[in-house]
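Enquirer: Input structure: entry27.csv, which contains CSV, C-alpha atoms.
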chain,number,residue,atom,x,y,z
A,12,MET,CA,-210.6,-68.2,-6.1
A,13,LYS,CA,-207.1,-67.3,-5.1
A,14,MET,CA,-206.8,-65.0,-2.2
A,15,VAL,CA,-204.2,-62.2,-2.5
A,16,ALA,CA,-202.7,-60.4,0.5
A,17,PRO,CA,-203.4,-56.6,0.5
A,18,TRP,CA,-199.7,-55.6,0.5
A,19,THR,CA,-199.1,-57.6,-2.6
A,20,ARG,CA,-201.1,-55.1,-4.6
A,21,PHE,CA,-198.3,-52.6,-4.2
A,22,TYR,CA,-195.7,-55.0,-5.4
A,23,SER,CA,-194.1,-54.1,-8.8
A,24,ASN,CA,-190.9,-55.0,-10.6
A,25,SER,CA,-190.6,-51.5,-12.1
A,26,CYS,CA,-189.7,-48.2,-10.5
A,27,CYS,CA,-189.7,-44.6,-11.9
A,28,LEU,CA,-192.0,-46.1,-14.6
A,29,CYS,CA,-189.1,-47.1,-16.7
A,30,CYS,CA,-186.4,-49.2,-15.0
A,31,HIS,CA,-186.4,-52.4,-13.0
A,32,VAL,CA,-186.5,-52.3,-9.2
A,33,ARG,CA,-183.1,-54.0,-9.1
A,34,THR,CA,-181.6,-51.3,-11.4
A,35,GLY,CA,-183.3,-48.6,-9.3
A,36,THR,CA,-181.9,-50.0,-6.1
A,37,ILE,CA,-178.4,-50.1,-7.6
A,38,LEU,CA,-178.7,-46.4,-8.7
A,39,LEU,CA,-180.1,-45.4,-5.3
A,40,GLY,CA,-177.3,-47.2,-3.5
A,41,VAL,CA,-174.6,-45.5,-5.7
A,42,TRP,CA,-176.3,-42.1,-5.2
A,43,TYR,CA,-176.3,-42.4,-1.4
A,44,LEU,CA,-172.7,-43.8,-1.6
A,45,ILE,CA,-171.5,-40.7,-3.5
A,46,ILE,CA,-173.3,-38.3,-1.1
A,47,ASN,CA,-171.8,-39.9,2.0
A,48,ALA,CA,-168.4,-40.1,0.4
A,49,VAL,CA,-168.5,-36.3,-0.2
A,50,VAL,CA,-169.7,-35.7,3.3
A,51,LEU,CA,-166.8,-37.9,4.6
A,52,LEU,CA,-164.3,-35.9,2.5
A,53,ILE,CA,-165.7,-32.6,4.0
A,54,LEU,CA,-165.4,-34.0,7.5
A,55,LEU,CA,-161.9,-35.2,7.0
A,56,SER,CA,-160.8,-31.8,5.6
A,57,ALA,CA,-162.5,-30.1,8.6
A,58,LEU,CA,-160.6,-32.4,10.9
A,59,ALA,CA,-157.3,-31.7,9.2
A,60,ASP,CA,-157.9,-27.9,9.2
A,61,PRO,CA,-160.1,-26.9,12.1
A,62,ASP,CA,-159.5,-23.2,11.6
A,63,GLN,CA,-161.4,-23.3,8.4
A,64,TYR,CA,-164.6,-24.0,10.3
A,65,HIS,CA,-164.1,-21.6,13.1
A,66,PHE,CA,-166.3,-18.5,13.0
A,67,SER,CA,-165.6,-15.3,14.9
A,68,SER,CA,-168.1,-13.3,17.0
A,69,SER,CA,-168.6,-10.8,14.2
A,70,GLU,CA,-169.9,-13.5,12.0
A,71,LEU,CA,-172.2,-15.4,14.3
A,72,GLY,CA,-172.7,-13.0,17.3
A,73,GLY,CA,-170.5,-15.1,19.6
A,74,ASP,CA,-167.5,-17.3,19.7
A,75,PHE,CA,-168.7,-20.5,18.0
A,76,GLU,CA,-166.9,-23.5,16.7
A,77,PHE,CA,-168.6,-25.6,14.1
A,78,MET,CA,-167.6,-28.9,15.5
A,79,ASP,CA,-165.3,-30.1,18.2
A,80,ASP,CA,-163.0,-33.1,17.8
A,81,ALA,CA,-165.4,-35.6,19.5
A,82,ASN,CA,-168.4,-34.7,17.4
A,83,MET,CA,-166.2,-34.7,14.3
A,84,CYS,CA,-165.1,-38.2,15.0
A,85,ILE,CA,-168.6,-39.4,15.7
A,86,ALA,CA,-169.8,-37.8,12.4
A,87,ILE,CA,-166.9,-39.5,10.5
A,88,ALA,CA,-167.8,-42.9,12.1
A,89,ILE,CA,-171.5,-42.4,11.0
A,90,SER,CA,-170.4,-41.5,7.5
A,91,LEU,CA,-168.2,-44.6,7.2
A,92,LEU,CA,-171.1,-46.8,8.5
A,93,MET,CA,-173.4,-45.2,5.9
A,94,ILE,CA,-170.8,-45.9,3.1
A,95,LEU,CA,-170.7,-49.5,4.2
A,96,ILE,CA,-174.5,-49.9,4.3
A,97,CYS,CA,-174.9,-48.3,0.8
A,98,ALA,CA,-172.1,-50.4,-0.6
A,99,MET,CA,-173.8,-53.5,0.8
A,100,ALA,CA,-177.1,-52.5,-0.8
A,101,THR,CA,-175.5,-51.9,-4.1
A,102,TYR,CA,-173.6,-55.2,-4.0
A,103,GLY,CA,-176.6,-57.1,-2.9
A,104,ALA,CA,-178.8,-55.7,-5.7
A,105,TYR,CA,-176.1,-56.4,-8.3
A,106,LYS,CA,-175.3,-59.9,-7.1
A,107,GLN,CA,-178.9,-60.7,-6.2
A,108,ARG,CA,-178.3,-61.3,-2.5
A,109,ALA,CA,-181.4,-60.2,-0.6
A,110,ALA,CA,-179.8,-60.3,2.8
A,111,TRP,CA,-177.3,-57.5,1.9
A,112,ILE,CA,-180.2,-55.1,1.2
A,113,ILE,CA,-181.8,-55.3,4.7
A,114,PRO,CA,-179.4,-52.8,6.5
A,115,PHE,CA,-180.1,-50.2,3.8
A,116,PHE,CA,-183.9,-50.8,4.0
A,117,CYS,CA,-183.7,-50.4,7.8
A,118,TYR,CA,-181.9,-47.1,7.4
A,119,GLN,CA,-184.6,-45.9,5.1
A,120,ILE,CA,-187.3,-46.8,7.6
A,121,PHE,CA,-185.4,-45.0,10.4
A,122,ASP,CA,-184.9,-41.9,8.2
A,123,PHE,CA,-188.6,-41.9,7.3
A,124,ALA,CA,-189.6,-42.2,10.9
A,125,LEU,CA,-187.3,-39.3,11.9
A,126,ASN,CA,-188.8,-37.0,9.2
A,127,THR,CA,-192.3,-38.0,10.3
A,128,LEU,CA,-191.4,-37.0,13.9
A,129,VAL,CA,-190.2,-33.6,12.6
A,130,ALA,CA,-193.5,-33.1,10.8
A,131,ILE,CA,-195.5,-34.0,13.9
A,132,THR,CA,-193.4,-31.6,16.0
A,133,VAL,CA,-194.1,-28.8,13.5
A,134,LEU,CA,-197.8,-29.6,13.5
A,135,VAL,CA,-198.1,-29.8,17.3
A,136,TYR,CA,-195.7,-27.0,18.2
A,137,PRO,CA,-196.0,-24.5,15.3
A,138,ASN,CA,-194.4,-21.7,17.3
A,139,SER,CA,-191.2,-23.6,17.6
A,140,ILE,CA,-190.3,-22.5,14.0
A,141,GLN,CA,-190.4,-18.9,14.9
A,142,GLU,CA,-188.4,-19.5,18.0
A,143,TYR,CA,-185.8,-21.4,16.0
A,144,ILE,CA,-185.6,-18.6,13.4
A,145,ARG,CA,-185.1,-15.9,16.1
A,146,GLN,CA,-182.1,-17.9,17.5
A,147,LEU,CA,-180.3,-17.7,14.1
A,148,PRO,CA,-177.5,-15.1,13.7
A,149,PRO,CA,-178.7,-11.6,12.5
A,150,ASN,CA,-176.7,-12.0,9.3
A,151,PHE,CA,-178.1,-15.4,8.4
A,152,PRO,CA,-179.3,-15.5,4.8
A,153,TYR,CA,-183.0,-14.6,4.3
A,154,ARG,CA,-183.6,-14.5,8.1
A,155,ASP,CA,-185.6,-11.3,8.0
A,156,ASP,CA,-187.6,-12.4,5.0
A,157,VAL,CA,-188.7,-15.6,6.7
A,158,MET,CA,-189.5,-13.8,9.9
A,159,SER,CA,-191.8,-11.4,7.9
A,160,VAL,CA,-194.0,-14.3,6.6
A,161,ASN,CA,-197.2,-15.1,8.4
A,162,PRO,CA,-196.6,-17.9,11.0
A,163,THR,CA,-199.6,-19.9,9.7
A,164,CYS,CA,-198.5,-19.7,6.1
A,165,LEU,CA,-194.9,-20.6,7.2
A,166,VAL,CA,-196.1,-23.7,9.0
A,167,LEU,CA,-198.2,-24.8,6.0
A,168,ILE,CA,-195.3,-24.3,3.6
A,169,ILE,CA,-193.0,-26.3,5.9
A,170,LEU,CA,-195.5,-29.1,6.3
A,171,LEU,CA,-196.1,-29.2,2.5
A,172,PHE,CA,-192.4,-29.4,1.9
A,173,ILE,CA,-192.0,-32.2,4.5
A,174,SER,CA,-195.0,-34.0,3.0
A,175,ILE,CA,-193.3,-34.0,-0.4
A,176,ILE,CA,-190.1,-35.3,1.1
A,177,LEU,CA,-192.0,-38.1,3.0
A,178,THR,CA,-193.8,-39.1,-0.2
A,179,PHE,CA,-190.6,-39.3,-2.1
A,180,LYS,CA,-188.9,-41.2,0.6
A,181,GLY,CA,-191.8,-43.6,0.9
A,182,TYR,CA,-191.6,-44.3,-2.8
A,183,LEU,CA,-187.9,-45.1,-2.5
A,184,ILE,CA,-188.6,-47.4,0.4
A,185,SER,CA,-191.2,-49.3,-1.7
A,186,CYS,CA,-188.7,-49.6,-4.5
A,187,VAL,CA,-186.0,-51.1,-2.2
A,188,TRP,CA,-188.6,-53.5,-0.6
A,189,ASN,CA,-189.8,-54.6,-4.0
A,190,CYS,CA,-186.2,-55.3,-5.1
A,191,TYR,CA,-185.8,-57.4,-1.9
A,192,ARG,CA,-188.9,-59.4,-2.6
A,193,TYR,CA,-187.9,-59.8,-6.3
A,194,ILE,CA,-184.5,-61.2,-5.4
A,195,ASN,CA,-185.8,-63.3,-2.6
A,196,GLY,CA,-188.5,-64.8,-4.8
A,197,ARG,CA,-186.1,-65.4,-7.6
A,198,ASN,CA,-183.7,-67.2,-5.4
A,199,SER,CA,-186.5,-69.3,-3.9
A,200,SER,CA,-187.8,-70.3,-7.3
A,201,ASP,CA,-184.3,-71.3,-8.5
A,202,VAL,CA,-183.9,-73.6,-5.4
A,203,LEU,CA,-187.4,-75.0,-6.0
A,204,VAL,CA,-186.6,-75.8,-9.7
A,205,TYR,CA,-183.3,-77.4,-8.6
A,206,VAL,CA,-185.0,-79.6,-6.0
A,207,THR,CA,-187.8,-80.5,-8.3
A,208,SER,CA,-185.4,-81.6,-11.1
A,209,ASN,CA,-183.3,-83.6,-8.6
A,210,ASP,CA,-186.4,-85.4,-7.2
A,211,THR,CA,-187.5,-86.2,-10.8
A,212,THR,CA,-184.1,-87.7,-11.6
A,213,ILE,CA,-184.0,-89.7,-8.4
A,214,THR,CA,-187.5,-91.0,-9.0
A,215,SER,CA,-186.6,-92.0,-12.5
A,216,GLN,CA,-183.6,-93.8,-11.3
A,217,CYS,CA,-185.5,-95.6,-8.6
A,218,GLY,CA,-188.2,-96.5,-11.0
A,219,GLY,CA,-185.7,-98.0,-13.5
A,220,GLY,CA,-184.0,-99.9,-10.7
A,221,PHE,CA,-187.3,-101.4,-9.5
A,222,HIS,CA,-188.3,-102.3,-13.1
A,223,LYS,CA,-185.0,-104.1,-13.6
A,224,THR,CA,-185.2,-105.9,-10.2
A,225,GLY,CA,-188.7,-107.0,-11.0
A,226,ARG,CA,-187.6,-108.5,-14.3
A,227,LEU,CA,-184.8,-110.4,-12.6
A,228,LEU,CA,-187.1,-111.8,-9.9
A,229,SER,CA,-189.6,-112.8,-12.6
A,230,ALA,CA,-186.9,-114.5,-14.6
A,231,ASN,CA,-185.6,-116.4,-11.5
A,232,MET,CA,-189.1,-117.5,-10.5
A,233,SER,CA,-189.9,-118.8,-14.0
A,234,ALA,CA,-186.6,-120.6,-14.3
A,235,PRO,CA,-187.0,-124.5,-13.9
A,236,LYS,CA,-185.6,-126.0,-10.7
A,237,LYS,CA,-182.9,-128.7,-11.0
Since I need it in another form, could you write the structure as structure tokens?
Expert:
Amino acid sequence: MKMVAPWTRFYSNSCCLCCHVRTGTILLGVWYLIINAVVLLILLSALADPDQYHFSSSELGGDFEFMDDANMCIAIAISLLMILICAMATYGAYKQRAAWIIPFFCYQIFDFALNTLVAITVLVYPNSIQEYIRQLPPNFPYRDDVMSVNPTCLVLIILLFISIILTFKGYLISCVWNCYRYINGRNSSDVLVYVTSNDTTITSQCGGGFHKTGRLLSANMSAPKK
């Protein structure tokens, strides 16, 4: 009886019940690429025109600048890094190169862990939500409506929302991981077939040479001596 590892039960070549994991990884990489490209364009426009993202005291209750130049440059560098990682994942899935998908998979794990820490923080410190909402400006959209909600119900709603996000992110992680396993297994099988075919050819050639050599030796031994 063949033993199967527990994690192999969750391995599948299809995602979203219709497309292949390789196609799904390509679409996911392109989607993340578009999002980060849009964010990069917004950051560059904000860096070119800082007055557009400066809010007066009448708008936020104090003199507040959305981002200074140092934070803006850090955000632009992160956006460029994310564009590179997403482009590598898309290229790796398209060209069937498993190593190119690893950085994107590591980013997904980091993002999942960060959202999990947020959910744990909300669960352990439920009053932090109310404190955060009180610190928002008075004219913030729906601030008073959110403050009027029961704190327990508000915590449950936020936890439910975060749980849905974590479930969706976990599914995307499994799709990328299955794509990596599929490409890695496909490349390994191709190498195995190539090595096996070469070994068969070499064995046939050696067998033929031995047969011919044996015939020559037999002919020399049977030949009469002069």
Enquirer: Interatomic distance between atom CA of Arg192 of chain A and atom CA of Thr36 of chain A?
Expert: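 Result for atom CA of Arg192 of chain A versus atom CA of Thr36 of chain A: 12.2 Å, one decimal.
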Enquirer: Rounded to one decimal, what separation in Å do you get between atom CA of Ser159 of chain A and atom CA of Ser174 of chain A?
Expert: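 These two atoms are separated by 23.3 Å.
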Enquirer: Atom CA of Leu167 of chain A and atom CA of Tyr153 of chain A, how far apart in Å?
Expert: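 Atom CA of Tyr153 of chain A sits 18.4 Å away from atom CA of Leu167 of chain A.
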Enquirer: Name all residues at most 12 Å from Val166 of chain A (count only C-alpha atoms; drop same-chain ones fewer than 3 positions away) and give them as an MDAnalysis selection string.
Expert: chainID A and resid 130:141 157:158 160:163 169:174
Enquirer: Would you output that residue set with C-alpha atoms, as a PDB file, keeping the file's coordinate frame?
Expert:
ATOM      1  CA  ALA A 130    -193.500 -33.100  10.800  1.00  0.00           C
ATOM      2  CA  ILE A 131    -195.500 -34.000  13.900  1.00  0.00           C
ATOM      3  CA  THR A 132    -193.400 -31.600  16.000  1.00  0.00           C
ATOM      4  CA  VAL A 133    -194.100 -28.800  13.500  1.00  0.00           C
ATOM      5  CA  LEU A 134    -197.800 -29.600  13.500  1.00  0.00           C
ATOM      6  CA  VAL A 135    -198.100 -29.800  17.300  1.00  0.00           C
ATOM      7  CA  TYR A 136    -195.700 -27.000  18.200  1.00  0.00           C
ATOM      8  CA  PRO A 137    -196.000 -24.500  15.300  1.00  0.00           C
ATOM      9  CA  ASN A 138    -194.400 -21.700  17.300  1.00  0.00           C
ATOM     10  CA  SER A 139    -191.200 -23.600  17.600  1.00  0.00           C
ATOM     11  CA  ILE A 140    -190.300 -22.500  14.000  1.00  0.00           C
ATOM     12  CA  GLN A 141    -190.400 -18.900  14.900  1.00  0.00           C
ATOM     13  CA  VAL A 157    -188.700 -15.600   6.700  1.00  0.00           C
ATOM     14  CA  MET A 158    -189.500 -13.800   9.900  1.00  0.00           C
ATOM     15  CA  VAL A 160    -194.000 -14.300   6.600  1.00  0.00           C
ATOM     16  CA  ASN A 161    -197.200 -15.100   8.400  1.00  0.00           C
ATOM     17  CA  PRO A 162    -196.600 -17.900  11.000  1.00  0.00           C
ATOM     18  CA  THR A 163    -199.600 -19.900   9.700  1.00  0.00           C
ATOM     19  CA  ILE A 169    -193.000 -26.300   5.900  1.00  0.00           C
ATOM     20  CA  LEU A 170    -195.500 -29.100   6.300  1.00  0.00           C
ATOM     21  CA  LEU A 171    -196.100 -29.200   2.500  1.00  0.00           C
ATOM     22  CA  PHE A 172    -192.400 -29.400   1.900  1.00  0.00           C
ATOM     23  CA  ILE A 173    -192.000 -32.200   4.500  1.00  0.00           C
ATOM     24  CA  SER A 174    -195.000 -34.000   3.000  1.00  0.00           C
TER      25      SER A 174
END
Enquirer: Might you pull out every residue within 10 Å of Phe115 of chain A, with all atoms listed in the file counted and same-chain residues fewer than 4 positions away left off, and present them as a ChimeraX atom specification?
Expert: /A:40,93,95-101,111,119-121,184,187
